[in-house]
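Next comes work.txt, a file with compact mmCIF, C-alpha atoms.
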# COMPACT_ATOMS: atom_id res chain seq x y z
CA MET A 1 137.83 74.05 120.27
CA ALA A 2 137.26 70.66 121.85
CA LEU A 3 134.89 68.15 120.34
CA ASN A 4 131.30 69.14 120.93
CA LEU A 5 127.91 67.50 120.28
CA LEU A 6 124.93 69.53 119.07
CA LEU A 7 121.58 67.76 119.45
CA HIS A 8 118.75 68.37 116.97
CA LYS A 9 115.41 66.87 118.01
CA LYS A 10 112.70 65.79 115.59
CA ASN A 11 109.99 66.76 118.07
CA ASP A 12 109.38 67.26 121.77
CA ILE A 13 108.77 63.58 122.54
CA LYS A 14 111.42 61.14 123.72
CA ASN A 15 112.81 59.26 120.73
CA ASP A 16 114.69 55.97 120.86
CA ASN A 17 117.05 56.40 117.91
CA LEU A 18 119.86 58.89 117.34
CA ILE A 19 121.98 59.56 114.24
CA VAL A 20 125.39 61.10 115.04
CA LEU A 21 127.11 62.94 112.16
CA ILE A 22 130.91 63.30 112.34
CA HIS A 23 132.69 65.50 109.80
CA GLY A 24 136.18 64.99 108.44
CA LEU A 25 138.94 67.39 107.41
CA GLY A 26 137.62 70.91 107.12
CA ALA A 27 134.95 72.83 108.96
CA SER A 28 131.77 70.96 109.79
CA ASP A 29 129.46 73.69 108.49
CA ASN A 30 130.19 72.81 104.86
CA THR A 31 130.22 69.03 105.30
CA TRP A 32 126.60 68.27 106.10
CA LYS A 33 125.15 71.39 104.48
CA GLN A 34 125.83 72.40 100.89
CA ASP A 35 123.98 74.98 98.81
CA GLY A 36 121.50 75.47 101.63
CA ILE A 37 120.50 71.77 101.79
CA SER A 38 121.23 70.12 105.13
CA TRP A 39 121.49 66.39 105.85
CA ILE A 40 120.22 67.15 109.34
CA ASP A 41 117.04 68.73 107.99
CA LEU A 42 116.55 65.87 105.52
CA PHE A 43 116.79 63.27 108.29
CA LEU A 44 114.46 65.19 110.60
CA THR A 45 111.83 65.73 107.88
CA ASP A 46 112.02 62.20 106.46
CA ASP A 47 108.67 60.46 107.00
CA THR A 48 110.38 57.05 107.02
CA PHE A 49 112.04 58.00 110.32
CA LYS A 50 109.33 58.13 112.95
CA ASN A 51 111.49 58.01 116.03
CA VAL A 52 114.86 59.58 115.19
CA ASP A 53 116.84 62.59 116.40
CA VAL A 54 120.11 63.85 114.92
CA ALA A 55 123.32 64.98 116.61
CA GLU A 56 126.19 66.82 114.94
CA ILE A 57 129.78 66.50 116.13
CA THR A 58 132.02 69.54 115.70
CA TYR A 59 135.71 69.95 116.47
CA ASP A 60 138.80 71.86 115.37
CA THR A 61 140.48 70.31 112.38
CA PHE A 62 141.80 71.36 108.99
CA HIS A 63 141.49 75.15 109.23
CA LEU A 64 144.91 74.49 108.01
CA ALA A 65 146.50 76.05 110.85
CA ASN A 66 150.04 75.63 111.48
CA GLY A 67 152.83 77.87 112.55
CA LEU A 68 154.73 77.12 109.36
CA LEU A 69 151.92 78.28 107.08
CA ALA A 70 151.38 81.37 109.17
CA LEU A 71 155.07 82.24 108.84
CA MET A 72 154.77 81.75 105.09
CA GLY A 73 152.05 84.40 105.08
CA ILE A 74 149.47 82.01 103.63
CA LYS A 75 145.94 82.91 104.71
CA LYS A 76 143.89 80.59 102.53
CA LEU A 77 144.59 77.54 100.38
CA LYS A 78 142.64 75.48 97.91
CA LEU A 79 143.45 71.79 97.73
CA GLY A 80 142.38 69.89 94.62
CA LYS A 81 138.61 69.69 94.53
CA PHE A 82 138.30 70.79 98.15
CA LYS A 83 136.98 74.21 98.91
CA SER A 84 139.31 76.87 100.24
CA PHE A 85 140.41 76.54 103.85
CA SER A 86 141.44 79.36 106.12
CA VAL A 87 144.71 79.07 107.98
CA GLY A 88 144.29 79.11 111.73
CA LYS A 89 146.47 78.36 114.73
CA GLY A 90 147.83 74.96 115.68
CA PRO A 91 148.74 72.45 116.82
CA PHE A 92 145.61 70.33 116.69
CA THR A 93 144.43 67.32 118.60
CA THR A 94 144.95 63.69 117.50
CA ILE A 95 142.33 61.29 116.16
CA GLU A 96 142.78 59.13 119.27
CA THR A 97 141.92 62.12 121.45
CA LEU A 98 138.89 62.90 119.30
CA ALA A 99 137.71 59.30 119.82
CA ARG A 100 138.02 59.73 123.59
CA GLU A 101 136.09 63.00 123.41
CA LEU A 102 133.43 61.25 121.32
CA LYS A 103 133.12 58.66 124.11
CA ARG A 104 132.63 61.47 126.62
CA GLU A 105 129.70 62.82 124.62
CA ILE A 106 128.08 59.42 123.94
CA ASP A 107 128.40 58.54 127.63
CA SER A 108 126.65 61.77 128.62
CA LYS A 109 123.20 61.61 130.16
CA LYS A 110 121.46 63.23 127.19
CA ILE A 111 122.79 60.57 124.81
CA LYS A 112 122.46 57.60 127.17
CA GLN A 113 118.68 58.04 127.02
CA TYR A 114 118.69 56.77 123.41
CA LYS A 115 118.35 53.01 122.96
CA ASN A 116 120.02 52.98 119.56
CA VAL A 117 122.83 55.24 118.34
CA LEU A 118 124.17 55.18 114.79
CA LEU A 119 127.46 56.88 113.86
CA ILE A 120 127.89 58.37 110.37
CA GLY A 121 131.38 59.61 109.57
CA HIS A 122 132.71 61.37 106.48
CA SER A 123 136.40 60.98 105.66
CA MET A 124 138.41 61.31 108.87
CA GLY A 125 135.16 61.37 110.83
CA GLY A 126 134.81 57.67 110.06
CA LEU A 127 138.23 57.01 111.61
CA VAL A 128 137.14 58.83 114.77
CA ALA A 129 133.99 56.69 114.91
CA ILE A 130 135.64 53.31 114.30
CA ARG A 131 138.44 54.04 116.77
CA TYR A 132 135.84 54.88 119.43
CA ILE A 133 133.98 51.62 118.74
CA LEU A 134 137.13 49.48 118.81
CA GLU A 135 138.44 51.06 122.02
CA GLU A 136 135.09 50.40 123.69
CA LEU A 137 135.36 46.74 122.68
CA GLU A 138 139.00 46.56 123.75
CA HIS A 139 138.11 47.85 127.22
CA ASN A 140 134.86 45.84 127.60
CA GLN A 141 132.69 48.93 127.77
CA THR A 142 128.93 48.87 127.30
CA HIS A 143 127.40 51.37 124.90
CA ASN A 144 124.25 52.02 122.91
CA VAL A 145 125.91 52.24 119.48
CA LYS A 146 124.24 49.79 117.08
CA GLY A 147 126.14 50.50 113.88
CA MET A 148 128.31 52.77 111.78
CA ILE A 149 128.16 54.20 108.28
CA SER A 150 131.35 55.57 106.72
CA LEU A 151 131.49 57.88 103.72
CA ALA A 152 134.86 57.95 101.92
CA THR A 153 136.83 57.09 105.04
CA PRO A 154 140.56 56.38 104.45
CA TYR A 155 140.84 53.07 106.34
CA ASN A 156 143.85 52.11 104.26
CA GLY A 157 145.31 55.59 104.05
CA SER A 158 144.90 58.51 101.69
CA SER A 159 147.32 59.28 98.87
CA PHE A 160 146.20 62.87 99.30
CA ALA A 161 147.59 62.90 102.83
CA LEU A 162 150.78 61.19 101.72
CA TYR A 163 151.70 63.00 98.52
CA ASN A 164 150.20 66.48 98.61
CA GLN A 165 153.04 68.93 99.00
CA LEU A 166 151.14 71.07 101.45
CA ILE A 167 150.46 68.28 103.86
CA LYS A 168 154.09 67.19 103.66
CA SER A 169 155.01 70.60 105.04
CA ILE A 170 152.44 70.68 107.85
CA ASN A 171 154.62 69.06 110.48
CA LYS A 172 152.67 70.45 113.42
CA HIS A 173 149.23 69.21 112.36
CA ALA A 174 148.51 66.23 114.61
CA GLN A 175 145.72 64.76 112.46
CA ILE A 176 147.40 64.54 109.06
CA PRO A 177 150.06 61.86 109.80
CA SER A 178 147.29 59.49 110.91
CA LEU A 179 145.86 59.54 107.38
CA GLU A 180 149.03 58.35 105.66
CA PRO A 181 149.05 54.74 104.39
CA ASN A 182 150.70 52.37 106.89
CA SER A 183 150.63 55.01 109.65
CA SER A 184 150.83 53.67 113.20
CA PHE A 185 147.28 54.89 113.87
CA LEU A 186 145.81 53.00 110.90
CA ASP A 187 147.89 49.89 111.67
CA GLU A 188 146.69 49.87 115.28
CA THR A 189 143.08 50.47 114.20
CA ILE A 190 143.15 47.52 111.79
CA ARG A 191 144.86 45.35 114.45
CA LEU A 192 142.07 46.07 116.94
CA TRP A 193 139.47 45.46 114.24
CA GLN A 194 140.95 42.07 113.39
CA LYS A 195 141.16 41.18 117.08
CA HIS A 196 137.46 41.87 117.71
CA LEU A 197 136.16 40.95 114.26
CA GLU A 198 134.31 37.83 115.41
CA THR A 199 132.70 39.48 118.43
CA ILE A 200 131.57 42.83 116.97
CA ASN A 201 127.79 42.82 117.14
CA LEU A 202 127.32 45.93 115.03
CA ASP A 203 126.32 46.67 111.46
CA PHE A 204 128.74 48.49 109.16
CA LYS A 205 128.13 50.16 105.80
CA PHE A 206 131.03 51.46 103.69
CA PHE A 207 130.34 54.07 100.98
CA PHE A 208 132.85 55.50 98.49
CA GLY A 209 132.79 58.12 95.75
CA THR A 210 133.10 56.89 92.19
CA GLU A 211 135.17 59.98 91.30
CA ASP A 212 137.08 60.26 94.57
CA THR A 213 140.83 60.68 93.96
CA ILE A 214 141.56 61.52 97.61
CA VAL A 215 140.13 58.37 99.21
CA PRO A 216 139.62 55.84 96.40
CA GLU A 217 137.55 52.67 96.67
CA ASN A 218 140.46 50.47 97.77
CA SER A 219 140.95 52.70 100.82
CA ALA A 220 137.30 53.48 101.62
CA ILE A 221 136.61 49.73 102.02
CA PRO A 222 138.75 48.36 104.89
CA HIS A 223 140.92 45.30 104.38
CA ILE A 224 138.85 43.35 106.91
CA VAL A 225 135.97 43.27 104.39
CA ARG A 226 136.15 39.93 102.60
CA SER A 227 134.66 41.13 99.31
CA LYS A 228 134.97 44.61 97.85
CA TRP A 229 132.20 43.70 95.41
CA THR A 230 129.65 43.23 98.20
CA GLY A 231 131.38 45.21 100.96
CA GLY A 232 131.35 48.69 99.45
CA ILE A 233 128.56 50.90 98.12
CA PRO A 234 129.37 53.44 95.36
CA LEU A 235 127.97 56.96 95.40
CA PRO A 236 128.25 59.47 92.54
CA GLY A 237 130.76 62.25 93.00
CA ASP A 238 134.21 63.03 94.39
CA HIS A 239 135.35 63.19 98.00
CA SER A 240 133.05 66.02 99.03
CA GLY A 241 130.58 65.72 96.13
CA ILE A 242 129.06 62.53 97.51
CA LEU A 243 127.53 64.66 100.26
CA LYS A 244 125.86 67.10 97.90
CA VAL A 245 122.13 66.39 97.96
CA GLU A 246 119.04 68.26 96.86
CA ASN A 247 116.18 66.38 98.52
CA HIS A 248 115.07 63.03 99.92
CA SER A 249 115.24 61.51 96.44
CA SER A 250 118.90 62.35 95.81
CA ILE A 251 120.94 59.21 95.19
CA SER A 252 123.37 59.70 98.08
CA TYR A 253 120.67 60.52 100.62
CA ARG A 254 118.39 57.73 99.44
CA HIS A 255 121.02 54.99 99.83
CA VAL A 256 122.44 56.32 103.09
CA SER A 257 118.96 56.67 104.61
CA GLU A 258 118.11 53.11 103.55
CA ALA A 259 121.24 51.93 105.34
CA VAL A 260 120.20 53.91 108.44
CA ASN A 261 116.78 52.24 108.43
CA GLU A 262 118.32 48.80 107.96
CA ILE A 263 120.63 49.24 110.94
CA PHE A 264 117.95 50.66 113.23
CA GLU A 265 115.56 47.83 112.29
CA ARG A 266 118.21 45.17 112.86
CA ASP A 267 117.24 44.63 116.50
CA ILE A 268 113.59 44.26 115.51
CA VAL A 269 114.49 41.68 112.87
CA LEU A 270 116.68 39.79 115.34
CA LYS A 271 113.95 39.80 117.99
CA LYS A 272 111.43 38.47 115.46
CA LYS A 273 113.90 35.74 114.50
CA ILE A 274 114.39 34.76 118.13
CA ILE A 275 110.62 34.69 118.71
CA ASP A 276 110.12 32.54 115.60
CA GLU A 277 112.81 30.12 116.75
CA GLN A 278 111.23 29.96 120.21
CA ARG A 279 107.83 29.27 118.66
CA LYS A 280 109.27 26.48 116.52
CA LEU A 281 110.91 24.95 119.58
CA THR A 282 107.71 25.24 121.59
CA LEU A 283 105.74 23.68 118.72
CA ALA A 284 108.14 20.74 118.51
CA LYS A 285 107.93 20.14 122.26
CA SER A 286 104.13 20.41 122.22
CA ILE A 287 103.89 17.88 119.37
CA SER A 288 106.09 15.46 121.29
CA ARG A 289 103.94 15.83 124.38
CA LEU A 290 100.69 15.37 122.46
CA LYS A 291 102.09 12.31 120.69
CA ALA A 292 103.06 10.90 124.07
CA ASN A 293 99.39 11.12 125.01
CA GLY A 294 98.08 9.15 122.06
CA LEU A 295 97.83 11.64 119.20
CA ASP A 296 99.75 11.20 115.99
CA LYS A 297 101.73 14.10 114.47
CA GLU A 298 98.94 15.13 112.08
CA GLN A 299 96.41 15.31 114.89
CA ALA A 300 98.80 17.24 117.12
CA LEU A 301 99.51 19.76 114.39
CA TYR A 302 95.81 20.21 113.79
CA PHE A 303 95.24 21.33 117.37
CA LEU A 304 98.35 23.47 117.57
CA GLU A 305 97.83 25.30 114.28
CA ASN A 306 94.12 26.07 114.61
CA LYS A 307 93.63 29.18 116.67
CA HIS A 308 90.09 28.34 117.82
CA TYR A 309 91.46 25.55 120.02
CA ASN A 310 92.94 26.35 123.38
CA PHE A 311 95.25 23.81 124.90
CA GLU A 312 97.15 23.58 128.12
CA TYR A 313 99.88 21.15 128.93
CA LEU A 314 100.20 19.97 132.52
CA LYS A 315 103.79 18.96 133.23
CA PRO A 316 103.94 15.17 133.50
CA THR A 317 105.40 13.28 136.41
CA ASP A 318 106.20 9.61 136.94
CA GLU A 319 102.73 9.10 138.40
CA LYS A 320 100.71 11.32 136.10
CA ARG A 321 100.83 12.43 132.51
CA LEU A 322 97.97 14.54 131.31
CA VAL A 323 97.03 16.87 128.46
CA VAL A 324 93.90 18.98 128.79
CA ILE A 325 92.44 20.15 125.46
CA GLU A 326 89.54 22.58 125.46
CA GLY A 327 87.26 22.94 122.45
CA GLU A 328 85.07 20.85 120.21
CA PHE A 329 86.82 17.75 118.95
CA PRO A 330 86.89 17.54 115.16
CA PRO A 331 86.08 14.35 113.20
CA LEU A 332 89.83 13.84 112.96
CA LEU A 333 89.78 12.24 116.42
CA GLY A 334 86.94 9.97 115.32

For the structure just supplied, provide its representation as structure tokens.
Amino acid sequence: MALNLLLHKKNDIKNDNLIVLIHGLGASDNTWKQDGISWIDLFLTDDTFKNVDVAEITYDTFHLANGLLALMGIKKLKLGKFKSFSVGKGPFTTIETLARELKREIDSKKIKQYKNVLLIGHSMGGLVAIRYILEELEHNQTHNVKGMISLATPYNGSSFALYNQLIKSINKHAQIPSLEPNSSFLDETIRLWQKHLETINLDFKFFFGTEDTIVPENSAIPHIVRSKWTGGIPLPGDHSGILKVENHSSISYRHVSEAVNEIFERDIVLKKKIIDEQRKLTLAKSISRLKANGLDKEQALYFLENKHYNFEYLKPTDEKRLVVIEGEFPPLLG
């Protein structure tokens, strides 16, 4: 099955913001929904999100399928703290291909209508997301992705992928080698990240599980992050346990949803900052112009900061320099 995007709308109106959930190794139906509690439902019913829809990415992955396992007669395996996986048929696609398929979906008409898209990837899903972002930058593509949140993503490789005896034997699974430390995929991803580090105008949040032995903290926080103390956010649980939530107040959901809000509000904060800077610049120019017409700084500030005075500046020329001030003059002008 090729990568597919399922859209879940909050309501019938056109919303500006979209959260895209990307699962990792294993079937997607047990990544974002555990014990009947769905991250999708939590996002859509969260009153703090007034203008947000949710999309879910699905694709074939670790249904552990491989000709070798099939020949061994293995139908189901349990790996560490992972749930059991059924053995299917391989080979599977590569992470690079998944990133290209993700681009296809984000470039589609139904996703292009959103002004702001946020990618949330668990485990390998984070690698799919970051590779998509970096390839877009590398090829000077425009997109509506504003940020990315990764949950236990093996940026620096996974010891699980390297040392687990099962994965050593799955030589036909195209996704597993990309998760090994120092793999060519990870090396190329970090190289692209370093190349575009100064020009990436996106927000990133990196979460890791405090009990995760598959993707530990030193792998879930990429090397490009200057400080692991400030660059990573701990969540309680192991590799899959960090996604187990009960309601909007659950620790994992609460911190991830706060990160979502922060990223979506980033543009608003930036616009306010730009407006404030423009106002300061306009104020400084207006003071200079008023001072050039005989007012001192205190008098100029009085007029500019009191809303009940309307003033208009007529652009001066060599022959004429004029300021028209409407309103009652205060005693300050004496």

### Surrounding residues of range 234-243 of chain A excluding itself and chain neighbours under 6 positions, 7 Å, only C-alpha atoms, as a VMD selection string
chain A and resid 32 152 207 to 212 214 to 215 252

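Computed from the coordinates, the CA of Asn218 in chain A to CA of Ile263 in chain A distance equals 23.8 Å.
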
Return as AutoDock Vina command-line options the centre and edge lengths, in Å with one decimal, of the box along x, y and z that encloses every atom of range 113-129 of chain A in the file, padded by 3 Å per side.
--center_x 128.4 --center_y 57.2 --center_z 116.3 --size_x 26.1 --size_y 14.4 --size_z 27.4

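You will find CA of Asn30 in chain A at 10.0 Å from CA of Lys244 in chain A.
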
#### Entry: Residues near Trp193 in chain A, cut-off 10 Å, only C-alpha atoms, skip fewer than 6 positions along chain, as a list in words
Ile130, Arg131, Ile133, Leu134, Glu135, Leu137, Glu138, Asp187, Thr199, Ile200, Pro222, His223 and Ile224 of chain A

### Task
Figure out the distance between CA of Met124 in chain A and CA of His139 in chain A, please, to one decimal in Å.
22.8 Å

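Taking only C-alpha atoms into account, Leu6 in chain A lies nearest to A:Lys110 out of the set A:Lys110, A:His255, A:Arg100, A:Lys280.
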
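When all atoms listed in the file are used to compute distances to Asn247 in chain A, the closest of the residues A:Leu18, A:Ile13, A:Ile37, A:Leu98 turns out to be A:Ile37.
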
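Among the candidates A:Trp39, A:Tyr59, A:Phe303, A:Phe204, the residue lying nearest to Leu283 in chain A is A:Phe303 (atoms considered: all atoms listed in the file).
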
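Nearest to Phe264 in chain A of all the residues A:Leu3, A:Leu42, A:Leu127, A:Met148 is A:Met148, counting all atoms listed in the file.
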
### Task
In the coordinates of the file, take the point (128.9, 51.8, 128.2) and a cut-off of 12 Å; then, counting only C-alpha atoms, name each qualifying protein, DNA or RNA residue as a ChimeraX atom specification.
/A:103-109,111-112,115,132-133,135-137,139-145

### Task
Fewer than 5 positions away in the same chain doesn't count, so skip those; otherwise give me all residues within 7 Å of Ile22 in chain A, counting all atoms listed in the file, as a list of chain:residue names.
A:Glu56, A:Ile57, A:Ile120, A:Gly121, A:His122, A:Gly125

### Within 8 Å of file point (127.0, 54.1, 113.7), counting all atoms listed in the file, expressed as a PyMOL selection string
chain A and resi 19-20+117-120+129+145-149+203-204
